[in-house]
$ cat upload11.txt   # compact mmCIF, C-alpha atoms and all ligand atoms
# COMPACT_ATOMS: atom_id res chain seq x y z
CA MET A 1 118.02 103.23 114.60
CA PRO A 2 117.34 99.63 113.56
CA THR A 3 119.18 98.28 110.52
CA VAL A 4 118.69 95.33 108.26
CA ARG A 5 121.88 93.89 109.80
CA ASP A 6 120.07 93.54 113.13
CA ILE A 7 117.33 91.57 111.36
CA ARG A 8 119.83 89.39 109.49
CA ALA A 9 121.67 88.71 112.75
CA LYS A 10 118.53 87.17 114.25
CA ALA A 11 118.12 84.61 111.44
CA GLY A 12 118.31 81.06 112.76
CA LYS A 13 118.81 82.29 116.34
CA GLU A 14 115.61 84.03 117.42
CA PRO A 15 112.22 84.15 115.67
CA ILE A 16 111.69 87.39 113.73
CA THR A 17 108.32 89.13 113.99
CA MET A 18 106.65 91.44 111.49
CA LEU A 19 103.14 92.92 111.32
CA THR A 20 101.63 95.39 108.91
CA ALA A 21 100.48 98.86 109.97
CA TYR A 22 99.07 101.71 107.94
CA ASP A 23 98.81 104.57 110.46
CA ALA A 24 100.75 106.10 113.35
CA PRO A 25 98.67 104.88 116.35
CA THR A 26 98.66 101.28 115.12
CA ALA A 27 102.38 101.46 114.39
CA ALA A 28 102.99 102.73 117.94
CA ILE A 29 101.10 99.75 119.41
CA VAL A 30 103.01 97.28 117.22
CA ASP A 31 106.32 98.99 118.04
CA ASP A 32 105.64 99.11 121.81
CA ALA A 33 104.91 95.38 121.72
CA GLY A 34 108.48 94.80 120.53
CA VAL A 35 107.68 93.54 117.03
CA ASP A 36 110.89 93.61 114.94
CA MET A 37 109.56 95.01 111.66
CA ILE A 38 106.50 96.95 110.53
CA LEU A 39 105.44 96.43 106.95
CA VAL A 40 103.48 99.23 105.31
CA GLY A 41 102.01 96.62 103.00
CA ASP A 42 100.01 97.26 99.88
CA SER A 43 97.51 95.04 101.72
CA MET A 44 96.33 98.51 102.82
CA GLY A 45 94.27 98.34 99.60
CA ASN A 46 91.91 95.78 101.17
CA ALA A 47 92.70 96.41 104.84
CA ALA A 48 92.44 100.19 105.04
CA LEU A 49 91.47 101.83 101.75
CA GLY A 50 88.33 99.92 100.79
CA TYR A 51 89.61 98.49 97.48
CA ASP A 52 88.88 94.86 96.66
CA SER A 53 92.49 94.07 95.74
CA THR A 54 95.96 95.57 96.10
CA LEU A 55 96.12 96.60 92.44
CA PRO A 56 94.69 100.14 92.72
CA VAL A 57 97.10 101.15 95.53
CA THR A 58 99.29 104.07 94.42
CA VAL A 59 102.81 105.19 95.28
CA ASP A 60 101.32 108.33 96.88
CA GLU A 61 99.09 106.20 99.14
CA VAL A 62 101.97 103.99 100.28
CA ALA A 63 104.18 107.05 100.76
CA SER A 64 101.63 108.88 102.90
CA ARG A 65 100.96 105.81 105.05
CA THR A 66 104.68 105.09 105.35
CA GLY A 67 105.31 108.59 106.71
CA ALA A 68 102.54 108.07 109.28
CA VAL A 69 103.94 104.69 110.36
CA VAL A 70 107.47 106.09 110.65
CA ARG A 71 106.16 108.91 112.87
CA GLY A 72 104.50 106.34 115.15
CA THR A 73 107.55 104.07 115.37
CA GLU A 74 110.65 104.27 117.57
CA ASP A 75 112.39 100.91 117.42
CA ALA A 76 110.99 98.68 114.71
CA LEU A 77 112.41 98.55 111.19
CA VAL A 78 109.86 100.09 108.80
CA VAL A 79 109.51 98.41 105.40
CA ALA A 80 107.49 100.16 102.66
CA ASP A 81 105.84 97.98 100.02
CA LEU A 82 106.22 99.02 96.38
CA PRO A 83 102.74 98.90 94.83
CA PHE A 84 101.65 97.34 91.55
CA LEU A 85 103.41 98.77 88.47
CA SER A 86 105.59 101.13 90.50
CA PHE A 87 108.54 98.88 89.60
CA GLY A 88 109.43 96.27 87.00
CA TYR A 89 108.77 98.50 84.00
CA ASP A 90 111.74 100.81 83.88
CA GLU A 91 114.52 100.93 86.39
CA LYS A 92 114.63 104.71 86.73
CA SER A 93 111.06 105.06 87.99
CA ALA A 94 111.45 102.02 90.25
CA VAL A 95 114.55 103.55 91.85
CA GLU A 96 112.75 106.90 92.26
CA ASN A 97 109.69 105.26 93.83
CA ALA A 98 111.78 103.14 96.19
CA GLY A 99 114.08 106.06 96.99
CA ARG A 100 111.11 108.24 97.86
CA MET A 101 110.08 105.83 100.64
CA LEU A 102 113.47 106.22 102.30
CA LYS A 103 114.36 109.83 101.42
CA GLU A 104 110.99 111.51 101.95
CA GLU A 105 109.10 109.18 104.28
CA GLY A 106 111.85 107.71 106.46
CA ALA A 107 111.34 104.00 105.74
CA ASN A 108 114.31 101.72 106.39
CA ALA A 109 113.72 99.31 103.50
CA VAL A 110 111.34 98.44 100.67
CA LYS A 111 109.54 95.20 99.84
CA ILE A 112 109.10 94.12 96.25
CA GLU A 113 106.85 91.32 94.99
CA SER A 114 109.53 89.38 93.20
CA GLY A 115 110.01 87.39 90.03
CA PRO A 116 112.58 86.96 87.29
CA HIS A 117 112.08 90.68 86.43
CA THR A 118 113.18 91.93 89.89
CA VAL A 119 116.60 90.29 90.27
CA GLU A 120 118.49 93.13 88.56
CA LEU A 121 116.41 95.78 90.31
CA THR A 122 117.14 94.16 93.68
CA GLU A 123 120.85 94.38 92.90
CA THR A 124 120.62 98.02 91.76
CA LEU A 125 118.65 99.12 94.82
CA SER A 126 120.86 97.18 97.24
CA ASN A 127 123.98 98.74 95.67
CA LEU A 128 122.39 102.18 96.03
CA GLY A 129 121.77 101.65 99.76
CA VAL A 130 118.07 100.77 99.53
CA PRO A 131 117.60 97.48 101.45
CA VAL A 132 115.23 95.14 99.63
CA MET A 133 112.92 92.54 101.15
CA ALA A 134 112.01 90.08 98.37
CA HIS A 135 108.60 88.36 98.25
CA LEU A 136 107.93 85.00 96.56
CA GLY A 137 105.18 82.38 96.50
CA LEU A 138 101.74 83.96 96.40
CA THR A 139 102.25 87.52 95.18
CA PRO A 140 98.85 89.26 95.30
CA GLN A 141 99.84 91.82 92.64
CA SER A 142 99.76 88.89 90.15
CA VAL A 143 96.17 87.99 91.11
CA ASN A 144 95.04 88.22 87.49
CA GLN A 145 97.62 85.62 86.48
CA VAL A 146 97.71 83.22 89.43
CA GLY A 147 94.63 83.94 91.56
CA HIS A 148 94.82 83.75 95.35
CA VAL A 149 95.86 80.11 95.57
CA ARG A 150 98.74 78.20 97.17
CA GLN A 151 101.99 78.38 95.20
CA GLY A 152 104.91 75.98 94.85
CA THR A 153 102.71 72.91 95.02
CA THR A 154 104.37 71.06 92.11
CA ARG A 155 108.03 70.07 91.86
CA GLU A 156 108.50 72.45 88.91
CA ASP A 157 106.92 75.45 90.69
CA ALA A 158 108.79 74.70 93.91
CA ASP A 159 112.11 74.55 91.99
CA GLU A 160 111.35 77.89 90.38
CA ILE A 161 110.65 79.53 93.74
CA LEU A 162 113.84 78.06 95.24
CA THR A 163 115.90 79.29 92.26
CA LEU A 164 114.39 82.79 92.46
CA ALA A 165 114.99 82.86 96.22
CA LYS A 166 118.69 82.14 95.68
CA GLU A 167 118.92 84.68 92.87
CA HIS A 168 117.40 87.41 95.04
CA GLU A 169 119.70 86.58 97.92
CA GLU A 170 122.66 86.79 95.56
CA ALA A 171 121.34 90.10 94.20
CA GLY A 172 121.49 91.54 97.72
CA ALA A 173 118.00 91.11 99.23
CA PHE A 174 118.27 91.29 103.03
CA SER A 175 115.27 89.02 103.67
CA LEU A 176 112.56 87.11 101.85
CA VAL A 177 108.81 86.89 102.46
CA LEU A 178 107.38 83.48 101.52
CA GLU A 179 103.61 83.60 101.13
CA HIS A 180 101.20 80.65 100.97
CA VAL A 181 103.70 77.93 100.01
CA PRO A 182 104.03 74.39 101.44
CA ALA A 183 105.75 74.27 104.83
CA ASN A 184 108.30 71.75 103.56
CA LEU A 185 109.26 74.02 100.65
CA ALA A 186 109.64 76.98 103.04
CA GLU A 187 111.79 74.78 105.29
CA THR A 188 114.07 73.87 102.37
CA ILE A 189 114.39 77.49 101.21
CA THR A 190 115.13 78.63 104.77
CA ALA A 191 117.88 76.01 105.07
CA GLU A 192 119.38 76.97 101.70
CA LEU A 193 119.50 80.73 102.28
CA ASP A 194 121.60 82.81 104.67
CA ILE A 195 119.13 85.70 104.66
CA PRO A 196 116.06 85.36 106.91
CA THR A 197 112.81 84.03 105.50
CA ILE A 198 109.60 85.54 106.83
CA GLY A 199 106.58 83.31 106.32
CA ILE A 200 102.89 83.96 105.91
CA GLY A 201 100.98 80.76 105.32
CA ALA A 202 104.35 79.03 104.92
CA GLY A 203 104.45 76.88 108.07
CA PRO A 204 106.58 77.03 111.20
CA HIS A 205 110.11 76.58 109.80
CA THR A 206 110.79 80.06 108.42
CA ASP A 207 113.02 82.46 110.38
CA GLY A 208 110.09 84.74 111.09
CA GLN A 209 106.35 85.25 110.70
CA VAL A 210 104.29 88.11 109.30
CA LEU A 211 100.56 88.77 109.41
CA VAL A 212 98.30 91.54 108.20
CA ILE A 213 97.37 93.57 111.29
CA ASN A 214 93.61 93.38 110.59
CA ASP A 215 93.80 89.57 110.60
CA ALA A 216 96.02 89.39 113.69
CA VAL A 217 93.87 91.66 115.87
CA GLY A 218 90.48 90.56 114.51
CA LEU A 219 89.43 93.63 112.55
CA GLY A 220 87.53 92.74 109.41
CA ASP A 221 84.99 90.30 108.11
CA TRP A 222 87.31 87.78 106.53
CA SER A 223 90.82 86.50 107.09
CA PRO A 224 92.82 83.84 105.24
CA PRO A 225 92.81 80.28 106.63
CA PHE A 226 96.53 80.43 107.48
CA SER A 227 96.23 83.48 109.73
CA LYS A 228 95.15 83.58 113.37
CA GLN A 229 93.06 86.18 115.20
CA PHE A 230 94.77 87.07 118.45
CA GLY A 231 92.07 89.56 119.47
CA ASP A 232 88.59 90.89 118.72
CA VAL A 233 89.16 94.53 117.83
CA LYS A 234 86.13 94.61 115.53
CA GLY A 235 83.87 93.41 118.36
CA GLU A 236 85.42 95.92 120.76
CA MET A 237 84.93 98.80 118.28
CA GLU A 238 81.35 97.75 117.61
CA ARG A 239 80.64 97.74 121.37
CA ALA A 240 82.23 101.19 121.83
CA VAL A 241 80.47 102.76 118.85
CA SER A 242 77.06 101.39 119.90
CA ALA A 243 77.64 102.61 123.47
CA PHE A 244 78.46 106.11 122.15
CA ARG A 245 75.27 106.24 120.08
CA GLU A 246 73.11 104.90 122.92
CA GLU A 247 74.54 107.30 125.53
CA VAL A 248 74.17 110.36 123.27
CA GLU A 249 70.61 109.38 122.43
CA SER A 250 69.76 108.75 126.10
CA GLY A 251 71.45 111.96 127.30
CA GLU A 252 73.92 110.03 129.47
CA PHE A 253 76.87 111.48 127.50
CA PRO A 254 78.29 114.07 127.92
CA ALA A 255 78.02 114.03 131.72
CA GLU A 256 79.15 116.76 134.12
CA GLU A 257 82.74 115.52 134.09
CA HIS A 258 82.90 115.91 130.31
CA SER A 259 81.83 119.59 130.34
CA HIS A 260 83.06 122.78 131.97
CA VAL A 261 81.26 125.90 133.09
CA GLU A 262 82.86 129.38 133.13
CA ASP A 263 81.61 131.16 136.31
CA GLU A 264 82.13 134.57 134.70
CA LEU A 265 79.60 133.72 132.03
CA ASP A 266 76.94 132.64 134.52
CA GLY A 267 73.88 134.79 134.16
CA VAL A 268 75.41 136.95 131.39
CA TYR A 269 73.30 135.54 128.60
O1 LIG B 301 101.10 93.72 101.61
C1 LIG B 301 101.28 92.96 102.57
O2 LIG B 301 100.78 93.16 103.68
C2 LIG B 301 102.11 91.79 102.34
C3 LIG B 301 102.21 90.79 103.45
C4 LIG B 301 101.03 89.93 103.45
C5 LIG B 301 103.46 90.02 103.39
O3 LIG B 301 102.67 91.64 101.31
$ encode --input "upload11.txt" --output "structure tokens"
Amino acid sequence: MPTVRDIRAKAGKEPITMLTAYDAPTAAIVDDAGVDMILVGDSMGNAALGYDSTLPVTVDEVASRTGAVVRGTEDALVVADLPFLSFGYDEKSAVENAGRMLKEEGANAVKIESGPHTVELTETLSNLGVPVMAHLGLTPQSVNQVGHVRQGTTREDADEILTLAKEHEEAGAFSLVLEHVPANLAETITAELDIPTIGIGAGPHTDGQVLVINDAVGLGDWSPPFSKQFGDVKGEMERAVSAFREEVESGEFPAEEHSHVEDELDGVY
């Protein structure tokens, strides 16, 4: 079973890879490809559940998807994202929600969109045996306060992110996602921390990289400018679905090899 120690041990030595997944077959593909960590991100709100932000995503939705991903995964470390307002209000419910991902669904760790309000919680969870991946920079759960724009672009904001990064490391976080921040800030934070940094839109100097699976494989109509499409799954699905419709309508499918005939029933009806 993978542990957060294995991930920490790679920091600064080998690049760490992480992709999101929200179901068992996708998790199995990501896992078979040798990706280190699978994030059951609340990005499922946009990527899989049809919401227009991550805010409506519930603990039940993340829990159900986490169970599916765990069932599809053999080697990768599975990280469950804590959705909007499932933490940060009172510690008891945050611990219960995080604990549920490990106890009931089999995740190995949780990710928390971080800020000054999550330092203590990170320490509590880490002490209780719940590994925490912190997340700074652009935190989409704060969309109503900060929008979807680059973070850490002024000296003051960059200092605040660096300070919070150190505080979360000290509180016991095993790794840190840095989203949509300047590459030189991510480089500085990576140099200052012992725990691995995992970047998304944070340049090439972090210890690892993460992308949303829909963006990476080319499934969806839009992807952020900092991501890269490594495939054309949408195009492939469109071709397959159209071929199905055309072949059913033309009578080409199902063919003889897709059907079976029971000799005993011949001529009975
Ligand atoms: O929810 C998510 O998928 C994330 C990644 C973009 C880091 O937070």
$ residues_near_ligand --input "upload11.txt" --ligand "ligand LIG 301 (chain B)" --cutoff "10 Å" --atoms "only C-alpha atoms and all ligand atoms" --output "MDAnalysis selection string"
chainID A and resid 18:22 38:47 54 80:83 111:113 134:136 138:141 176:180 198:201 209:214
$ atom_distance --input "upload11.txt" --atom1 "CA of Val132 (chain A)" --atom2 "CA of Phe174 (chain A)"
6.0 Å
$ residues_around --input "upload11.txt" --residues "Thr124 (chain A)" --least-positions-apart "5" --cutoff "12 Å" --atoms "all atoms listed in the file" --output "PyMOL selection string"
chain A and resi 91-92+94-96+98-99+118-119+129-132+168+171-173
$ write_last_selection --input "upload11.txt" --atoms "C-alpha atoms" --output "CSV table (one decimal), in the frame of the given file"
chain,number,residue,atom,x,y,z
A,91,GLU,CA,114.5,100.9,86.4
A,92,LYS,CA,114.6,104.7,86.7
A,94,ALA,CA,111.4,102.0,90.2
A,95,VAL,CA,114.6,103.6,91.8
A,96,GLU,CA,112.8,106.9,92.3
A,98,ALA,CA,111.8,103.1,96.2
A,99,GLY,CA,114.1,106.1,97.0
A,118,THR,CA,113.2,91.9,89.9
A,119,VAL,CA,116.6,90.3,90.3
A,129,GLY,CA,121.8,101.6,99.8
A,130,VAL,CA,118.1,100.8,99.5
A,131,PRO,CA,117.6,97.5,101.4
A,132,VAL,CA,115.2,95.1,99.6
A,168,HIS,CA,117.4,87.4,95.0
A,171,ALA,CA,121.3,90.1,94.2
A,172,GLY,CA,121.5,91.5,97.7
A,173,ALA,CA,118.0,91.1,99.2
$ residues_near_point --input "upload11.txt" --point "(118.8, 92.8, 107.8)" --cutoff "8 Å" --atoms "all atoms listed in the file" --output "list of chain:residue names"
A:Thr3, A:Val4, A:Arg5, A:Asp6, A:Ile7, A:Arg8, A:Ala9, A:Pro131, A:Phe174, A:Ser175, A:Ile195, A:Pro196
$ atom_distance --input "upload11.txt" --atom1 "CA of Glu187 (chain A)" --atom2 "CA of Gly147 (chain A)"
23.8 Å
$ atom_distance --input "upload11.txt" --atom1 "CA of Ala158 (chain A)" --atom2 "CA of Asn184 (chain A)"
10.1 Å
$ axis_aligned_box --input "upload11.txt" --around "region 133-139 of chain A" --padding-each-side "5 Å" --output "AutoDock Vina command-line options"
--center_x 107.3 --center_y 87.5 --center_z 98.2 --size_x 21.2 --size_y 20.2 --size_z 16.0
$ residues_around --input "upload11.txt" --residues "Ala216 (chain A)" --least-positions-apart "6" --cutoff "10 Å" --atoms "all atoms listed in the file" --output "mmCIF file with C-alpha atoms, in the coordinates of the input"
data_model
loop_
_atom_site.group_PDB
_atom_site.id
_atom_site.type_symbol
_atom_site.label_atom_id
_atom_site.label_comp_id
_atom_site.auth_asym_id
_atom_site.auth_seq_id
_atom_site.Cartn_x
_atom_site.Cartn_y
_atom_site.Cartn_z
ATOM 1 C CA LEU A 19 103.140 92.920 111.320
ATOM 2 C CA THR A 20 101.630 95.390 108.910
ATOM 3 C CA VAL A 210 104.290 88.110 109.300
ATOM 4 C CA SER A 223 90.820 86.500 107.090
ATOM 5 C CA SER A 227 96.230 83.480 109.730
ATOM 6 C CA LYS A 228 95.150 83.580 113.370
ATOM 7 C CA GLN A 229 93.060 86.180 115.200
ATOM 8 C CA PHE A 230 94.770 87.070 118.450
ATOM 9 C CA GLY A 231 92.070 89.560 119.470
ATOM 10 C CA ASP A 232 88.590 90.890 118.720
ATOM 11 C CA VAL A 233 89.160 94.530 117.830
#
$ closest_residue --input "upload11.txt" --among "A:Ala68, A:Pro116, A:Lys10, A:Ser53" --to "Asn144 (chain A)" --atoms "only C-alpha atoms"
A:Ser53
$ closest_residue --input "upload11.txt" --among "A:Leu85, A:Ala76, A:Val70, A:Ala186" --to "Asp32 (chain A)" --atoms "all atoms listed in the file"
A:Ala76
$ residues_near_point --input "upload11.txt" --point "(102.0, 102.8, 113.1)" --cutoff "8 Å" --atoms "only C-alpha atoms" --output "list in words"
Ala21, Tyr22, Asp23, Ala24, Pro25, Thr26, Ala27, Ala28, Ile29, Val30, Asp31, Ile38, Ala68, Val69, Val70, Arg71, Gly72 and Thr73 of chain A
$ closest_residue --input "upload11.txt" --among "A:Val248, A:Val217, A:Leu121, A:Ala11" --to "Leu193 (chain A)" --atoms "all atoms listed in the file"
A:Ala11
$ closest_residue --input "upload11.txt" --among "A:Glu170, A:Gly88, A:Val146, A:Arg245" --to "Ser126 (chain A)" --atoms "only C-alpha atoms"
A:Glu170
$ closest_residue --input "upload11.txt" --among "A:Gly50, A:Gly106, A:Pro225, A:Gly220" --to "Val149 (chain A)" --atoms "all atoms listed in the file"
A:Pro225
$ closest_residue --input "upload11.txt" --among "A:Leu162, A:Phe253, A:Met237, A:Gly137" --to "Ala202 (chain A)" --atoms "all atoms listed in the file"
A:Gly137
